[in-house]
Each structure stands twice: as C-alpha cells, then as structure tokens.
>>> print(open('upload_1.tsv').read())   # TSV, C-alpha atoms
chain	number	residue	atom	x	y	z
P	24	MET	CA	-32.88	-9.74	-107.14
P	25	LYS	CA	-34.14	-11.41	-110.27
P	26	ASN	CA	-36.28	-9.45	-112.69
P	27	GLU	CA	-39.46	-11.29	-111.64
P	28	GLU	CA	-38.77	-10.62	-107.98
P	29	LEU	CA	-37.91	-7.03	-108.70
P	30	LEU	CA	-41.10	-6.53	-110.72
P	31	GLU	CA	-43.18	-8.13	-107.99
P	32	GLU	CA	-41.60	-5.82	-105.46
P	33	ILE	CA	-42.29	-2.79	-107.62
P	34	GLU	CA	-45.89	-3.79	-108.27
P	35	SER	CA	-46.56	-4.55	-104.61
P	36	ARG	CA	-45.59	-0.99	-103.73
P	37	GLY	CA	-48.58	0.32	-105.70
P	38	GLU	CA	-48.47	3.94	-106.81
P	39	SER	CA	-45.16	5.77	-106.85
P	40	GLU	CA	-44.53	8.10	-103.99
P	41	ASP	CA	-44.95	11.08	-106.33
P	42	ALA	CA	-48.40	9.84	-107.36
P	43	ALA	CA	-49.39	9.15	-103.77
P	44	VAL	CA	-48.71	12.70	-102.68
P	45	GLU	CA	-50.65	14.14	-105.64
P	46	GLU	CA	-54.12	15.00	-104.45
P	47	GLU	CA	-57.02	13.05	-105.90
P	48	LYS	CA	-58.91	15.00	-108.54
P	49	ILE	CA	-62.61	14.89	-109.29
P	50	ARG	CA	-64.11	15.60	-112.72
P	51	PHE	CA	-67.22	17.71	-113.14
P	52	LEU	CA	-69.41	18.70	-116.05
P	53	ILE	CA	-70.38	22.32	-115.72
P	54	ALA	CA	-73.82	22.88	-117.24
P	55	ARG	CA	-76.06	25.87	-117.48
P	56	ILE	CA	-79.72	25.63	-116.58
P	57	ARG	CA	-81.27	28.92	-117.77
P	58	GLN	CA	-78.80	31.49	-116.30
P	59	GLN	CA	-77.43	29.41	-113.42
P	60	SER	CA	-74.38	27.12	-113.68
P	61	TYR	CA	-74.32	23.76	-111.90
P	62	ALA	CA	-71.59	21.15	-111.52
P	63	PHE	CA	-72.51	17.51	-112.17
P	64	PRO	CA	-70.06	14.84	-110.93
P	65	ALA	CA	-68.77	13.35	-114.20
P	66	GLN	CA	-68.58	9.85	-112.72
P	67	GLY	CA	-72.26	9.07	-113.31
P	68	VAL	CA	-72.68	10.95	-116.59
P	69	ARG	CA	-72.67	8.66	-119.60
P	70	GLU	CA	-73.58	10.89	-122.50
P	71	ILE	CA	-74.98	14.20	-123.62
P	72	VAL	CA	-77.89	13.96	-126.06
P	73	THR	CA	-80.16	16.44	-127.77
P	74	ASP	CA	-83.58	16.47	-129.36
P	75	ALA	CA	-85.12	13.45	-127.61
P	76	PRO	CA	-88.88	13.97	-127.27
P	77	ILE	CA	-90.20	13.78	-123.72
P	78	HIS	CA	-93.07	11.35	-123.08
P	79	ARG	CA	-95.31	12.57	-120.29
P	80	ILE	CA	-96.20	10.00	-117.66
P	81	PRO	CA	-98.68	9.89	-114.77
P	82	PHE	CA	-98.02	9.67	-110.97
P	83	VAL	CA	-94.85	11.77	-110.95
P	84	PRO	CA	-94.12	15.14	-109.28
P	85	PRO	CA	-93.96	18.25	-111.54
P	86	TYR	CA	-90.14	18.30	-111.66
P	87	ILE	CA	-90.23	14.95	-113.48
P	88	ARG	CA	-91.05	15.91	-117.04
P	89	GLY	CA	-91.49	12.30	-118.20
P	90	LEU	CA	-89.41	9.67	-119.94
P	91	ILE	CA	-87.04	9.87	-122.87
P	92	ASP	CA	-85.99	6.98	-125.05
P	93	HIS	CA	-82.22	6.68	-125.10
P	94	ARG	CA	-81.04	3.64	-127.07
P	95	GLY	CA	-84.34	1.91	-126.32
P	96	GLU	CA	-84.04	2.40	-122.55
P	97	PRO	CA	-86.42	4.67	-120.64
P	98	HIS	CA	-84.71	7.47	-118.69
P	99	THR	CA	-86.52	9.59	-116.10
P	100	VAL	CA	-86.21	13.28	-117.02
P	101	PHE	CA	-85.49	15.69	-114.14
P	102	ASP	CA	-86.21	19.38	-114.75
P	103	LEU	CA	-84.12	20.98	-111.99
P	104	ASP	CA	-85.40	24.43	-112.96
P	105	ILE	CA	-88.85	23.39	-111.72
P	106	LEU	CA	-87.37	22.01	-108.51
P	107	PHE	CA	-85.09	24.96	-107.76
P	108	GLU	CA	-86.77	27.93	-109.43
P	109	LYS	CA	-90.38	26.76	-109.94
P	110	GLN	CA	-90.20	27.41	-113.67
P	111	VAL	CA	-90.32	25.03	-116.63
P	112	LEU	CA	-87.09	24.85	-118.61
P	113	ASP	CA	-87.46	25.19	-122.37
P	114	ALA	CA	-84.46	23.15	-123.55
P	115	ASP	CA	-83.63	20.02	-125.48
P	116	THR	CA	-80.26	18.88	-124.14
P	117	TYR	CA	-79.97	16.03	-121.65
P	118	LEU	CA	-77.21	14.71	-119.43
P	119	ILE	CA	-77.70	10.96	-119.50
P	120	CYS	CA	-76.75	9.40	-116.15
P	121	ASP	CA	-76.56	5.85	-114.97
P	122	LEU	CA	-76.20	5.41	-111.22
P	123	ASP	CA	-76.03	1.81	-110.04
P	124	GLY	CA	-78.30	0.81	-112.93
P	125	ASP	CA	-80.76	3.64	-112.34
P	126	ARG	CA	-81.42	5.64	-115.50
P	127	ILE	CA	-81.81	9.40	-115.30
P	128	ALA	CA	-81.64	12.33	-117.73
P	129	PHE	CA	-81.16	15.92	-116.56
P	130	LEU	CA	-82.63	18.57	-118.78
P	131	ILE	CA	-80.08	21.37	-119.26
P	132	SER	CA	-79.67	24.50	-121.38
P	133	GLU	CA	-76.08	23.77	-122.41
P	134	ILE	CA	-72.77	22.26	-121.39
P	135	ILE	CA	-70.16	24.86	-120.54
P	136	GLU	CA	-67.06	22.78	-119.84
P	137	ILE	CA	-65.56	19.72	-118.22
P	138	ILE	CA	-63.11	20.37	-115.39
P	139	SER	CA	-60.95	18.39	-112.97
P	140	LEU	CA	-60.54	19.73	-109.46
P	141	PRO	CA	-58.66	18.53	-106.39
P	142	LYS	CA	-60.93	17.60	-103.50
P	143	SER	CA	-59.68	20.66	-101.67
P	144	GLY	CA	-61.32	22.83	-104.36
P	145	ILE	CA	-64.74	21.77	-103.12
P	146	HIS	CA	-66.31	23.58	-100.21
P	147	ALA	CA	-69.57	23.48	-98.33
P	148	LEU	CA	-72.39	25.82	-99.26
P	149	GLY	CA	-73.18	28.65	-96.90
P	150	ASP	CA	-75.96	28.46	-94.34
P	151	GLY	CA	-79.39	28.52	-95.95
P	152	GLU	CA	-78.02	28.05	-99.49
P	153	ASP	CA	-79.13	24.43	-99.72
P	154	GLN	CA	-82.49	24.26	-98.01
P	155	GLY	CA	-83.63	21.27	-100.03
P	156	GLY	CA	-80.41	19.34	-99.34
P	157	PHE	CA	-79.91	18.79	-103.09
P	158	PHE	CA	-76.27	19.89	-103.32
P	159	ALA	CA	-73.05	18.10	-102.48
P	160	GLY	CA	-71.13	21.31	-101.90
P	161	ALA	CA	-69.89	23.99	-104.29
P	162	LEU	CA	-66.84	24.90	-106.28
P	163	GLY	CA	-65.44	28.29	-107.16
P	164	MET	CA	-64.76	29.20	-110.80
P	165	GLU	CA	-63.81	32.66	-111.98
P	166	GLU	CA	-65.40	34.24	-108.93
P	167	GLU	CA	-68.60	32.32	-109.53
P	168	GLU	CA	-69.87	29.91	-106.88
P	169	ILE	CA	-71.17	26.79	-108.64
P	170	PRO	CA	-73.34	24.37	-106.67
P	171	ILE	CA	-72.56	20.67	-107.12
P	172	ILE	CA	-75.65	18.60	-107.86
P	173	GLY	CA	-76.08	15.77	-105.33
P	174	ILE	CA	-77.58	13.18	-107.64
P	175	PRO	CA	-78.29	10.56	-104.91
P	176	SER	CA	-80.16	13.25	-102.89
P	177	LEU	CA	-82.34	14.02	-105.90
P	178	ILE	CA	-83.15	10.34	-106.39
P	179	ARG	CA	-84.07	10.11	-102.68
P	180	LYS	CA	-86.28	13.19	-103.04
P	181	LEU	CA	-88.10	11.55	-105.97
P	182	SER	CA	-88.51	8.30	-104.06
P	183	ASP	CA	-89.94	10.19	-101.04
P	184	ASP	CA	-92.31	12.24	-103.20
P	185	LEU	CA	-93.59	9.14	-105.01
P	186	GLU	CA	-94.18	7.41	-101.69
P	187	ASP	CA	-96.01	10.45	-100.29
P	188	ASP	CA	-98.19	10.57	-103.38
P	189	LEU	CA	-99.07	6.91	-102.93
P	190	ARG	CA	-100.06	7.47	-99.28
P	191	ARG	CA	-102.41	10.28	-100.34
D	13	MET	CA	-74.49	-12.44	-125.12
D	14	ILE	CA	-77.88	-12.31	-126.80
D	15	SER	CA	-78.08	-14.47	-129.91
D	16	GLU	CA	-79.66	-13.19	-133.11
D	17	LYS	CA	-82.54	-15.63	-132.53
D	18	ASP	CA	-83.20	-14.23	-129.05
D	19	ARG	CA	-82.95	-10.68	-130.34
D	20	GLU	CA	-85.80	-11.34	-132.71
D	21	LYS	CA	-87.93	-13.25	-130.19
D	22	THR	CA	-91.42	-11.78	-130.18
D	23	HIS	CA	-94.49	-11.93	-127.97
D	24	ASP	CA	-98.16	-11.08	-128.56
D	25	PHE	CA	-99.57	-8.09	-126.70
D	26	LEU	CA	-102.93	-6.39	-126.78
D	27	MET	CA	-102.50	-2.75	-127.56
D	28	ILE	CA	-104.89	0.05	-126.66
D	29	GLU	CA	-103.92	3.15	-128.63
D	30	THR	CA	-104.69	6.18	-126.52
D	31	VAL	CA	-103.79	9.85	-126.69
D	32	GLN	CA	-100.62	8.99	-124.71
D	33	PRO	CA	-99.34	6.99	-123.17
D	34	SER	CA	-100.75	3.93	-124.94
D	35	ILE	CA	-101.31	0.70	-123.07
D	36	ILE	CA	-100.02	-2.82	-123.75
D	37	ILE	CA	-101.23	-6.01	-122.04
D	38	ASN	CA	-99.67	-9.45	-122.24
D	39	ARG	CA	-101.93	-11.42	-124.59
D	40	GLU	CA	-101.55	-14.50	-122.38
D	41	GLN	CA	-103.41	-12.82	-119.53
D	42	VAL	CA	-106.55	-12.80	-121.65
D	43	ALA	CA	-108.36	-16.07	-122.38
D	44	THR	CA	-110.81	-14.54	-124.83
D	45	GLY	CA	-112.60	-11.38	-125.82
D	46	LEU	CA	-116.41	-11.29	-125.69
D	47	SER	CA	-118.81	-8.76	-127.10
D	48	LEU	CA	-121.06	-7.63	-124.25
D	49	PRO	CA	-124.08	-5.72	-125.55
D	50	ASP	CA	-126.00	-5.92	-122.25
D	51	LEU	CA	-124.45	-4.78	-118.98
D	52	PHE	CA	-126.07	-4.97	-115.56
D	53	PRO	CA	-125.16	-2.89	-112.52
D	54	LEU	CA	-123.10	-4.60	-109.85
D	55	ALA	CA	-123.55	-3.61	-106.22
D	56	SER	CA	-119.96	-3.51	-105.05
D	57	SER	CA	-117.93	-1.13	-102.94
D	58	TYR	CA	-115.07	-1.18	-105.45
D	59	PRO	CA	-114.96	1.87	-107.76
D	60	TYR	CA	-114.19	0.07	-111.02
D	61	LEU	CA	-116.10	-3.15	-110.35
D	62	THR	CA	-119.48	-1.77	-111.23
D	63	SER	CA	-121.17	-4.06	-113.75
D	64	TRP	CA	-121.56	-7.62	-114.95
D	65	GLY	CA	-122.42	-9.24	-118.26
D	66	LYS	CA	-123.86	-12.55	-119.45
D	67	ALA	CA	-121.69	-15.04	-121.29
D	68	GLY	CA	-122.09	-18.79	-121.72
D	69	GLY	CA	-125.08	-18.90	-119.35
D	70	GLU	CA	-123.30	-17.29	-116.42
D	71	GLY	CA	-122.77	-13.82	-115.02
D	72	ILE	CA	-119.27	-12.43	-115.36
D	73	PRO	CA	-118.10	-9.61	-113.09
D	74	LEU	CA	-116.59	-6.74	-115.07
D	75	PHE	CA	-113.80	-4.33	-114.17
D	76	ASP	CA	-114.21	-1.02	-116.04
D	77	LEU	CA	-110.75	-0.88	-117.63
D	78	ASP	CA	-111.64	2.05	-119.89
D	79	ARG	CA	-112.71	4.25	-117.02
D	80	SER	CA	-109.67	3.21	-114.99
D	81	LEU	CA	-107.34	4.13	-117.88
D	82	GLU	CA	-109.04	7.49	-118.28
D	83	GLU	CA	-109.19	8.41	-114.61
D	84	VAL	CA	-106.03	6.89	-113.23
D	85	PHE	CA	-103.67	6.86	-116.20
D	86	THR	CA	-105.24	9.85	-118.01
D	87	ALA	CA	-105.05	7.66	-121.10
D	88	GLN	CA	-107.97	8.22	-123.42
D	89	GLY	CA	-108.39	6.65	-126.82
D	90	PRO	CA	-110.78	6.58	-129.75
D	91	LYS	CA	-113.84	4.47	-128.96
D	92	SER	CA	-114.80	1.50	-131.11
D	93	GLY	CA	-118.47	1.73	-130.12
D	94	LEU	CA	-118.34	-1.95	-129.23
D	95	ARG	CA	-118.10	-2.96	-125.57
D	96	VAL	CA	-115.73	-5.88	-125.26
D	97	GLY	CA	-114.91	-7.89	-122.17
D	98	LEU	CA	-111.33	-9.14	-122.04
D	99	ILE	CA	-111.92	-12.34	-120.11
D	100	THR	CA	-109.28	-13.65	-117.72
D	101	ASP	CA	-109.26	-17.02	-115.94
D	102	VAL	CA	-109.13	-16.70	-112.16
D	103	ALA	CA	-107.39	-20.12	-112.12
D	104	HIS	CA	-104.31	-18.37	-113.57
D	105	PHE	CA	-104.17	-15.83	-110.74
D	106	HIS	CA	-101.65	-16.06	-107.94
D	107	PRO	CA	-103.16	-18.32	-105.18
D	108	ARG	CA	-103.24	-15.37	-102.76
D	109	ASN	CA	-105.21	-13.33	-105.30
D	110	ARG	CA	-107.63	-16.21	-105.94
D	111	ASN	CA	-108.59	-16.09	-102.26
D	112	ARG	CA	-108.87	-12.31	-102.31
D	113	TRP	CA	-111.08	-12.50	-105.39
D	114	GLU	CA	-113.33	-15.06	-103.70
D	115	LYS	CA	-113.79	-12.66	-100.76
D	116	ILE	CA	-114.53	-9.69	-103.03
D	117	LEU	CA	-117.20	-11.70	-104.87
D	118	SER	CA	-118.73	-13.02	-101.66
D	119	ASN	CA	-119.53	-9.40	-100.73
D	120	CYS	CA	-121.54	-8.89	-103.93
D	121	PRO	CA	-125.25	-9.83	-103.71
D	122	GLU	CA	-125.38	-11.06	-107.34
D	123	ARG	CA	-124.54	-14.69	-108.12
D	124	LEU	CA	-121.59	-14.39	-110.44
D	125	SER	CA	-118.93	-16.66	-111.85
D	126	GLY	CA	-115.93	-17.04	-109.59
D	127	ASP	CA	-113.89	-18.53	-112.43
D	128	ARG	CA	-113.73	-15.60	-114.82
D	129	VAL	CA	-113.32	-11.83	-114.64
D	130	GLY	CA	-113.87	-9.48	-117.53
D	131	PHE	CA	-112.09	-6.18	-118.20
D	132	LEU	CA	-114.48	-3.89	-119.98
D	133	VAL	CA	-113.11	-1.87	-122.88
D	134	ASP	CA	-114.65	0.08	-125.70
D	135	SER	CA	-111.40	1.63	-126.89
D	136	ARG	CA	-109.92	0.12	-130.01
D	137	ILE	CA	-107.73	-2.91	-129.25
D	138	ASP	CA	-105.22	-4.54	-131.58
D	139	ILE	CA	-103.16	-7.68	-131.16
D	140	VAL	CA	-99.56	-6.77	-131.92
D	141	GLU	CA	-96.47	-8.96	-132.13
D	142	ILE	CA	-93.70	-7.09	-130.35
D	143	PRO	CA	-89.99	-7.97	-130.27
D	144	ILE	CA	-89.29	-8.71	-126.59
D	145	ARG	CA	-86.16	-6.53	-126.66
D	146	GLU	CA	-88.42	-3.50	-127.25
D	147	VAL	CA	-90.31	-4.02	-123.98
D	148	ARG	CA	-88.22	-2.50	-121.20
D	149	PRO	CA	-88.36	-2.33	-117.42
D	150	LEU	CA	-88.97	1.14	-116.01
D	151	PRO	CA	-86.07	3.08	-114.45
D	152	VAL	CA	-85.36	1.88	-110.89
D	153	ASN	CA	-86.40	5.29	-109.50
D	154	LEU	CA	-89.99	4.82	-110.80
D	155	LYS	CA	-90.39	1.06	-110.51
D	156	PRO	CA	-91.86	0.70	-106.97
D	157	ARG	CA	-94.44	3.47	-107.48
D	158	TYR	CA	-95.49	2.16	-110.89
D	159	ARG	CA	-95.82	-1.43	-109.68
D	160	GLU	CA	-98.32	-0.06	-107.15
D	161	GLU	CA	-100.40	1.07	-110.12
D	162	GLY	CA	-100.09	-2.23	-111.99
D	163	ILE	CA	-97.51	-0.91	-114.47
D	164	ILE	CA	-94.58	-3.23	-114.96
D	165	GLY	CA	-92.74	-1.93	-118.01
D	166	CYS	CA	-92.91	0.18	-121.14
D	167	ARG	CA	-92.17	0.25	-124.83
D	168	PHE	CA	-91.12	3.03	-127.16
D	169	TYR	CA	-92.38	2.67	-130.71
D	170	PRO	CA	-92.41	4.80	-133.82
D	171	PRO	CA	-93.07	7.60	-134.35
D	172	HIS	CA	-91.94	8.81	-130.91
D	173	ARG	CA	-94.65	7.07	-128.90
D	174	LEU	CA	-94.71	5.40	-125.50
D	175	ALA	CA	-96.81	2.47	-124.30
D	176	LEU	CA	-97.07	1.47	-120.63
D	177	TRP	CA	-97.29	-2.26	-119.96
D	178	ILE	CA	-100.00	-3.03	-117.43
D	179	ASP	CA	-100.61	-6.25	-115.54
D	180	LEU	CA	-104.36	-6.88	-115.45
D	181	GLU	CA	-104.22	-9.07	-112.32
D	182	ARG	CA	-102.31	-6.44	-110.34
D	183	LEU	CA	-104.58	-3.70	-111.63
D	184	LEU	CA	-107.67	-5.62	-110.57
D	185	PHE	CA	-106.55	-5.93	-106.96
D	186	ILE	CA	-105.09	-2.44	-106.70
D	187	GLN	CA	-108.05	-0.62	-108.15
D	188	ALA	CA	-111.03	-2.96	-107.94
>>> encode(input="upload_1.tsv", output="structure tokens")
Amino acid sequence: MKNEELLEEIESRGESEDAAVEEEKIRFLIARIRQQSYAFPAQGVREIVTDAPIHRIPFVPPYIRGLIDHRGEPHTVFDLDILFEKQVLDADTYLICDLDGDRIAFLISEIIEIISLPKSGIHALGDGEDQGGFFAGALGMEEEEIPIIGIPSLIRKLSDDLEDDLRR
Amino acid sequence: MISEKDREKTHDFLMIETVQPSIIINREQVATGLSLPDLFPLASSYPYLTSWGKAGGEGIPLFDLDRSLEEVFTAQGPKSGLRVGLITDVAHFHPRNRNRWEKILSNCPERLSGDRVGFLVDSRIDIVEIPIREVRPLPVNLKPRYREEGIIGCRFYPPHRLALWIDLERLLFIQA
C-alpha cells in the first residue's frame, strides 16, 4: 500500500479505537450565585467580565436586570437569584454567553472553577427540585449537588414572559 | 470585512436626552420640525393622538410623543419649554400604514391633513451624527417584544449611557 493510500485508509477510519472507547466529556464553569453553586455548560460561555454598568430597560420581567455593553454589543442581563430565590444579587461579574447569535450575560458572585466531566457524571435532579424546568440535570462535586443551568430553557422562559406581558 | 471607510460611516439621528434610557430617531423619518404654540384638542379614541396644530394653513394631527415616552418607556427628560412638532410625511409610510392612517383620520370629526403627522415633543432634541457601527440591533431574546413597542435598536454612548432607537411610524400605529 502506497503512503497516500495508507494515509487515506488511516484517515477514513476516523478516531482511533482507544479514543472511540473514551467517554465524551463535557466542560462546565462552576459559578457561585450568593451561597449556591451552579454549573454553566462551557460551550456557550464566551468570556467572564466585571464592572460593566447595567442599563435598566422597560418591558422586561424583574429577573432581567437590563442590558450591558460588551464590546459595543448589547447583552441581556439575567439575575438568576431573582428567578430562583426572589432576591436581587449584588454582584458585578458576568458570564458572557452567545447562543446561536443570541447575546446573554448571567450575573454571578464569582467563578469557582472549570471542570470536565464524562456524560455519566451528570444525573437528573430529584422530584420537585426543578419546578421551573430551568435545569439540565445536576452534577456531584465533593458531596455537593450542583444544578446545571439549562440556558435554552431560560431563554424560552424569557420569551414566554415577554409574550404574556404583551398580551396583558 | 468592513473597510475603514464603512467603519466611519455616519448617519444623522435626532436625540432626546432623558433620565434613561435616552431616545434616538432616524433623522430621515422627520421632514421638518415646527414650533406649535397653539394646540387644539382632537376627538379621537387613540390615547396619544389627542391634539392638532396649525401649520401652513392646514391642521396637522399630533401624536403626543413626550407623554408616550414618559408613560410607556418611563423616559423623562428636561423640558425645553417649546412645543415642537416633528413632522413626518405620510407618503413615506408603508402602503399598508397609509391606508390605516386614512381610516384613523376618517374617524376624527376635525378636517385635518392626511399628508402629514406631527410628533409632539417639548423635551430637548439635538441632531447628532452617529457612527453607524455604534447603533446595534437588540439581543435576539428581546427583539420581538421590543419591535412591538416600536424599538428597533440601541446605542451605548459615553459616559455609560444607553439610547433606544425608536421607529416613529411603528410607534404611531402601535400606540396611536
């Protein structure tokens, strides 16, 4: 087999067998919001920024604190503490996310760490632990159960709330 | 790739500085600005279409933009003490809106111009030349709701301020 043929053969096989058996890993950013830790899928997170002033805007539900200017682009600021705990978070750190061109910033107290976990490390939340349907499961870390933020669910929630507000 | 020339491309906007957010309006939507010392009540069933003024020998229906900004957008600015009508040409409206406007006017008992509509303001207005790159679309998650209020974009400007870009034609038919 000539080198070109051999190379083609190797490339057509795709990943090596060793790689194929290795379980796919998912990266998460673990962030603290007040005292609670949450896991954000790292895929959609672009940056972490601090000290961006929030511009209040009309027509939005209370858990949307307003817009921040990140590199000239407006990002909608979610305060998950209002949504989950009904209290306003006093913080100035944002997780900047870009999901299919949609621009979002999550207000957080601090970043704890970035981790990679196999899919098998993710489990469903217990009954009644996700009444709003905002989580995409949970992961266990040092005996702590950390809910995984379901970003698409939060965007759907916002869309529904904005539509409801319009109907009223 | 955006060329240096395109990066510096600018456009004229009218800017109403309010407590926050401020408001910007595409200058091209406004044909002229008229001082309107005398206003007359307009019998209409539309909450912000409540007066008319005289200009060039005809009556011009007036949309109370100031009140709309205060009540709907909670945007309140320093008053100039001078009531100005930002006059728009109905001929520039979308054909569907021209018909709607005709119907709205036909329900008013007063004989008013069907060619022009004024947007009444007594907040301070400035004409500002803004680099187009600074005017941004809203995030996708807010866009549909904001379009329903006549807001089509925004601009951040120093020091740490936000202006919402409103479309007068949309606003007229949403809130008239």
>>> residues_around(input="upload_1.tsv", residues="region 159-176 of chain D", least_positions_apart="5", cutoff="6 Å", atoms="only C-alpha atoms", output="list of chain:residue names")
D:Pro33, D:Ser34, D:Ile35, D:Glu146, D:Val147, D:Arg148, D:Pro149, D:Leu150, D:Arg182, D:Leu183
>>> write_last_selection(input="upload_1.tsv", atoms="C-alpha atoms", output="PDB file, in the frame of the given file")
ATOM      1  CA  PRO D  33     -99.340   6.990-123.170  1.00  0.00           C
ATOM      2  CA  SER D  34    -100.750   3.930-124.940  1.00  0.00           C
ATOM      3  CA  ILE D  35    -101.310   0.700-123.070  1.00  0.00           C
ATOM      4  CA  GLU D 146     -88.420  -3.500-127.250  1.00  0.00           C
ATOM      5  CA  VAL D 147     -90.310  -4.020-123.980  1.00  0.00           C
ATOM      6  CA  ARG D 148     -88.220  -2.500-121.200  1.00  0.00           C
ATOM      7  CA  PRO D 149     -88.360  -2.330-117.420  1.00  0.00           C
ATOM      8  CA  LEU D 150     -88.970   1.140-116.010  1.00  0.00           C
ATOM      9  CA  ARG D 182    -102.310  -6.440-110.340  1.00  0.00           C
ATOM     10  CA  LEU D 183    -104.580  -3.700-111.630  1.00  0.00           C
TER      11      LEU D 183
END
>>> closest_residue(input="upload_1.tsv", among="P:Pro76, P:Pro84, P:Gly95, P:Pro170", to="Ile144 (chain D)", atoms="only C-alpha atoms")
P:Gly95
>>> atom_distance(input="upload_1.tsv", atom1="CA of Leu185 (chain P)", atom2="CA of Pro81 (chain P)")
11.0 Å
>>> atom_distance(input="upload_1.tsv", atom1="CA of Ser125 (chain D)", atom2="CA of Ile72 (chain D)")
5.5 Å
>>> interface_residues(input="upload_1.tsv", of="chain P", to="chain D", cutoff="12 Å", atoms="all atoms listed in the file", output="ChimeraX atom specification")
/P:74-84,87,89-101,120-128,174-175,177-190
>>> write_last_selection(input="upload_1.tsv", atoms="C-alpha atoms", output="PDB file, keeping the file's coordinate frame")
ATOM      1  CA  ASP P  74     -83.580  16.470-129.360  1.00  0.00           C
ATOM      2  CA  ALA P  75     -85.120  13.450-127.610  1.00  0.00           C
ATOM      3  CA  PRO P  76     -88.880  13.970-127.270  1.00  0.00           C
ATOM      4  CA  ILE P  77     -90.200  13.780-123.720  1.00  0.00           C
ATOM      5  CA  HIS P  78     -93.070  11.350-123.080  1.00  0.00           C
ATOM      6  CA  ARG P  79     -95.310  12.570-120.290  1.00  0.00           C
ATOM      7  CA  ILE P  80     -96.200  10.000-117.660  1.00  0.00           C
ATOM      8  CA  PRO P  81     -98.680   9.890-114.770  1.00  0.00           C
ATOM      9  CA  PHE P  82     -98.020   9.670-110.970  1.00  0.00           C
ATOM     10  CA  VAL P  83     -94.850  11.770-110.950  1.00  0.00           C
ATOM     11  CA  PRO P  84     -94.120  15.140-109.280  1.00  0.00           C
ATOM     12  CA  ILE P  87     -90.230  14.950-113.480  1.00  0.00           C
ATOM     13  CA  GLY P  89     -91.490  12.300-118.200  1.00  0.00           C
ATOM     14  CA  LEU P  90     -89.410   9.670-119.940  1.00  0.00           C
ATOM     15  CA  ILE P  91     -87.040   9.870-122.870  1.00  0.00           C
ATOM     16  CA  ASP P  92     -85.990   6.980-125.050  1.00  0.00           C
ATOM     17  CA  HIS P  93     -82.220   6.680-125.100  1.00  0.00           C
ATOM     18  CA  ARG P  94     -81.040   3.640-127.070  1.00  0.00           C
ATOM     19  CA  GLY P  95     -84.340   1.910-126.320  1.00  0.00           C
ATOM     20  CA  GLU P  96     -84.040   2.400-122.550  1.00  0.00           C
ATOM     21  CA  PRO P  97     -86.420   4.670-120.640  1.00  0.00           C
ATOM     22  CA  HIS P  98     -84.710   7.470-118.690  1.00  0.00           C
ATOM     23  CA  THR P  99     -86.520   9.590-116.100  1.00  0.00           C
ATOM     24  CA  VAL P 100     -86.210  13.280-117.020  1.00  0.00           C
ATOM     25  CA  PHE P 101     -85.490  15.690-114.140  1.00  0.00           C
ATOM     26  CA  CYS P 120     -76.750   9.400-116.150  1.00  0.00           C
ATOM     27  CA  ASP P 121     -76.560   5.850-114.970  1.00  0.00           C
ATOM     28  CA  LEU P 122     -76.200   5.410-111.220  1.00  0.00           C
ATOM     29  CA  ASP P 123     -76.030   1.810-110.040  1.00  0.00           C
ATOM     30  CA  GLY P 124     -78.300   0.810-112.930  1.00  0.00           C
ATOM     31  CA  ASP P 125     -80.760   3.640-112.340  1.00  0.00           C
ATOM     32  CA  ARG P 126     -81.420   5.640-115.500  1.00  0.00           C
ATOM     33  CA  ILE P 127     -81.810   9.400-115.300  1.00  0.00           C
ATOM     34  CA  ALA P 128     -81.640  12.330-117.730  1.00  0.00           C
ATOM     35  CA  ILE P 174     -77.580  13.180-107.640  1.00  0.00           C
ATOM     36  CA  PRO P 175     -78.290  10.560-104.910  1.00  0.00           C
ATOM     37  CA  LEU P 177     -82.340  14.020-105.900  1.00  0.00           C
ATOM     38  CA  ILE P 178     -83.150  10.340-106.390  1.00  0.00           C
ATOM     39  CA  ARG P 179     -84.070  10.110-102.680  1.00  0.00           C
ATOM     40  CA  LYS P 180     -86.280  13.190-103.040  1.00  0.00           C
ATOM     41  CA  LEU P 181     -88.100  11.550-105.970  1.00  0.00           C
ATOM     42  CA  SER P 182     -88.510   8.300-104.060  1.00  0.00           C
ATOM     43  CA  ASP P 183     -89.940  10.190-101.040  1.00  0.00           C
ATOM     44  CA  ASP P 184     -92.310  12.240-103.200  1.00  0.00           C
ATOM     45  CA  LEU P 185     -93.590   9.140-105.010  1.00  0.00           C
ATOM     46  CA  GLU P 186     -94.180   7.410-101.690  1.00  0.00           C
ATOM     47  CA  ASP P 187     -96.010  10.450-100.290  1.00  0.00           C
ATOM     48  CA  ASP P 188     -98.190  10.570-103.380  1.00  0.00           C
ATOM     49  CA  LEU P 189     -99.070   6.910-102.930  1.00  0.00           C
ATOM     50  CA  ARG P 190    -100.060   7.470 -99.280  1.00  0.00           C
TER      51      ARG P 190
END
>>> closest_residue(input="upload_1.tsv", among="D:Glu82, D:Leu180, D:Gly45, D:Pro143", to="Glu16 (chain D)", atoms="all atoms listed in the file")
D:Pro143
>>> residues_around(input="upload_1.tsv", residues="Ile131 (chain P)", least_positions_apart="4", cutoff="6 Å", atoms="only C-alpha atoms", output="PyMOL selection string")
chain P and resi 56+116-117
>>> axis_aligned_box(input="upload_1.tsv", around="region 159-169 of chain P", padding_each_side="3 Å", output="AutoDock Vina command-line options")
--center_x -68.4 --center_y 26.2 --center_z -106.9 --size_x 15.2 --size_y 22.1 --size_z 16.1
>>> atom_distance(input="upload_1.tsv", atom1="CA of Ala67 (chain D)", atom2="CA of Lys115 (chain D)")
22.1 Å
>>> closest_residue(input="upload_1.tsv", among="D:Gly126, D:Leu132, D:Gly93, D:Asp24", to="Glu40 (chain D)", atoms="all atoms listed in the file")
D:Asp24
>>> closest_residue(input="upload_1.tsv", among="P:Tyr61, P:Ile119, P:Glu31, P:Arg50", to="Gly160 (chain P)", atoms="all atoms listed in the file")
P:Tyr61
>>> closest_residue(input="upload_1.tsv", among="D:Arg110, D:Tyr60, D:Thr30, D:Leu94", to="Phe131 (chain D)", atoms="all atoms listed in the file")
D:Tyr60
>>> residues_around(input="upload_1.tsv", residues="Glu108 (chain P)", least_positions_apart="6", cutoff="12 Å", atoms="all atoms listed in the file", output="ChimeraX atom specification")
/P:56-59,86,102,155
>>> closest_residue(input="upload_1.tsv", among="P:Ala62, P:Leu140, P:Ala54, P:Leu130", to="Ala161 (chain P)", atoms="only C-alpha atoms")
P:Ala62
>>> build_atoms(input="upload_1.tsv", residues="region 167-172 of chain P", atoms="N, CA and C atoms", output="tab-separated table (two decimals), in the coordinates of the input")
chain	number	residue	atom	x	y	z
P	167	GLU	N	-67.21	32.78	-109.58
P	167	GLU	CA	-68.60	32.32	-109.53
P	167	GLU	C	-68.67	31.10	-108.62
P	168	GLU	N	-69.68	31.07	-107.77
P	168	GLU	CA	-69.87	29.91	-106.88
P	168	GLU	C	-70.83	28.95	-107.60
P	169	ILE	N	-70.35	27.74	-107.89
P	169	ILE	CA	-71.17	26.79	-108.64
P	169	ILE	C	-71.59	25.63	-107.74
P	170	PRO	N	-72.89	25.49	-107.51
P	170	PRO	CA	-73.34	24.37	-106.67
P	170	PRO	C	-73.13	23.03	-107.37
P	171	ILE	N	-72.75	22.03	-106.57
P	171	ILE	CA	-72.56	20.67	-107.12
P	171	ILE	C	-73.85	19.89	-106.88
P	172	ILE	N	-74.40	19.34	-107.95
P	172	ILE	CA	-75.65	18.60	-107.86
P	172	ILE	C	-75.40	17.28	-107.12
